[in-house]
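Student: Quick one: this structure, given as structure tokens, is what I'll be asking you about.
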Amino acid sequence: MACVLVPMTEAIITTITARVIKSKEEKSVQDLNSTEDTGSMEKIPFSRKLKWLNNMLWGGSGLLVFEHIWHGEIVPWFPFLTAASNAADTAEMLNEMATVGVGMSLLVTAVWLAMVGMTSAMEKKALKEQPPEETA
Amino acid sequence: MTLLITVFAAAICTAVWYKTDSREEMKLGTLCLIYWGASLMWLVDAVSEFAELKAGYFTPSPADMLNDTFLGLSAAALGLVIWLAVLLIKDPKNVVKNTLFKRKN
């Protein structure tokens with residue numbers, strides 16, 4: 001009915017968070033610009049990892065909105081959600097948002113956390129295997 | 001059926017992403033994540049429907065199946081359109097810019 005609103009809300013929050021983190025990372029990179037590039041392997045910035053979650057949430061929400069339009073659950077006129085037109089349907093919609101919607105958000109976030117965990121482990125392994133920097 | 005089609009699209013995209021060298025230029029990661037995001041969300045939807053319908057979930061009427069197949073294919077096509085829009089807007093290989101402004105090297 002409107003379960004897609006929950007991951008969409010999460011997507012808005014994570015997009016704003018990613019922008020803030022990215023600007024902070026860019027600032028810290030500018031501060032470090034005085035040091036020369038050593039050519040060593042660098043970690044993937046957290047803002048880029050957060051972008052993976054954004055892409056999953058926005059992409060998934062976009063296709064689910066299409067599905068809701070297909071089934072006539074989202075309409076282009078007020079109140080936009082057919083379930084919001086009467087109290088009984090609204091209660092059912094809210095229940096679906098609390099169960100299915102929250103479930104969707106949790107599953108996508110859990111998969112993203114697993115991706116970040118695996119990537120971090122691979123980064124640590126790669127950094128360990130990297131030969132020590134040569135001193136001039 | 002919608003879930004199945006989206007999972008197939010996601011798996012094929014991921015295999016292409018793994019194999020190709022131009023994954024960054026083609027923004028293939030974005031397409032993979034769009035399909036995986038949708039697949040995960042439809043999986044939750046499917047589990048909740050299964051909890052409601054039990055075994056009936058696996059025996060849909062032919063009309064429902066056809067409708068779901070059309071929906072799945074349309075959703076996969078929409079995913080491709082979104083990816084193309086992202087690719088043309090970000091234009092990592094400057095193809096659009098060079099074509100529009102006829103830049104000479």
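Every chain in the structure tokens takes a letter, A first, then B, and so on in the order presented; its residues are numbered from 1, and the ligands are numbered from 1 following the presented order.
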Find the spatial neighbours of Trp83 in chain B, counting only C-alpha atoms, within a cut-off of 10 Å - ignore same-chain residues fewer than 5 positions away - and output them as a PyMOL selection string.

Tutor: (chain A and resi 59) or (chain B and resi 26-32+34+77-78+88-89)

Student: Pull C-alpha atoms from the residues just selected and write them as a short mmCIF file (atom, residue, chain, number, x, y, z; two decimals), in the first residue's frame.

Tutor:
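Saved as out-v1.cif:
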```cif
data_model
loop_
_atom_site.label_atom_id
_atom_site.label_comp_id
_atom_site.auth_asym_id
_atom_site.auth_seq_id
_atom_site.Cartn_x
_atom_site.Cartn_y
_atom_site.Cartn_z
CA GLY A 59 16.62 2.38 -6.83
CA MET B 26 29.54 2.60 -17.56
CA LYS B 27 28.25 3.13 -13.99
CA LEU B 28 27.35 -0.56 -13.85
CA GLY B 29 27.56 -0.57 -10.06
CA THR B 30 24.62 1.83 -9.94
CA LEU B 31 22.49 -0.48 -12.10
CA CYS B 32 23.42 -3.49 -9.93
CA ILE B 34 19.16 -0.45 -8.21
CA ALA B 77 13.05 -1.75 -18.19
CA LEU B 78 12.47 1.21 -15.83
CA LEU B 88 24.02 10.38 -19.64
CA ILE B 89 23.78 13.04 -16.91
#
```

Student: Can you work out which residues from chain A touch chain B at a cut-off of 6 Å (counting only C-alpha atoms) and hand them back as an NGL selection string?

Tutor: :A and (55-57 or 59-60 or 63 or 104)

Student: May I have the residues from that selection written out with N, CA and C atoms, as a short mmCIF file (atom, residue, chain, number, x, y, z; two decimals), in the first residue's frame?

Tutor:
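Result went into again-v6.cif, see below:
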```cif
data_model
loop_
_atom_site.label_atom_id
_atom_site.label_comp_id
_atom_site.auth_asym_id
_atom_site.auth_seq_id
_atom_site.Cartn_x
_atom_site.Cartn_y
_atom_site.Cartn_z
N ASN A 55 22.00 4.22 -3.30
CA ASN A 55 21.60 3.66 -4.60
C ASN A 55 20.61 2.51 -4.43
N MET A 56 20.86 1.67 -3.43
CA MET A 56 19.93 0.55 -3.20
C MET A 56 18.57 1.06 -2.74
N LEU A 57 18.59 2.05 -1.82
CA LEU A 57 17.32 2.55 -1.29
C LEU A 57 16.53 3.33 -2.34
N GLY A 59 16.96 3.27 -5.70
CA GLY A 59 16.62 2.38 -6.83
C GLY A 59 15.45 1.48 -6.48
N GLY A 60 15.54 0.84 -5.32
CA GLY A 60 14.46 -0.04 -4.88
C GLY A 60 13.16 0.71 -4.70
N LEU A 63 11.53 1.64 -8.12
CA LEU A 63 10.85 0.54 -8.79
C LEU A 63 9.59 0.12 -8.02
N MET A 104 11.65 -3.92 5.00
CA MET A 104 12.42 -3.59 3.79
C MET A 104 13.65 -2.77 4.13
#
```

Student: Could you check how far CA of Leu87 in chain B sits from CA of Ser120 in chain A, in Å to one decimal?

Tutor: 27.6 Å
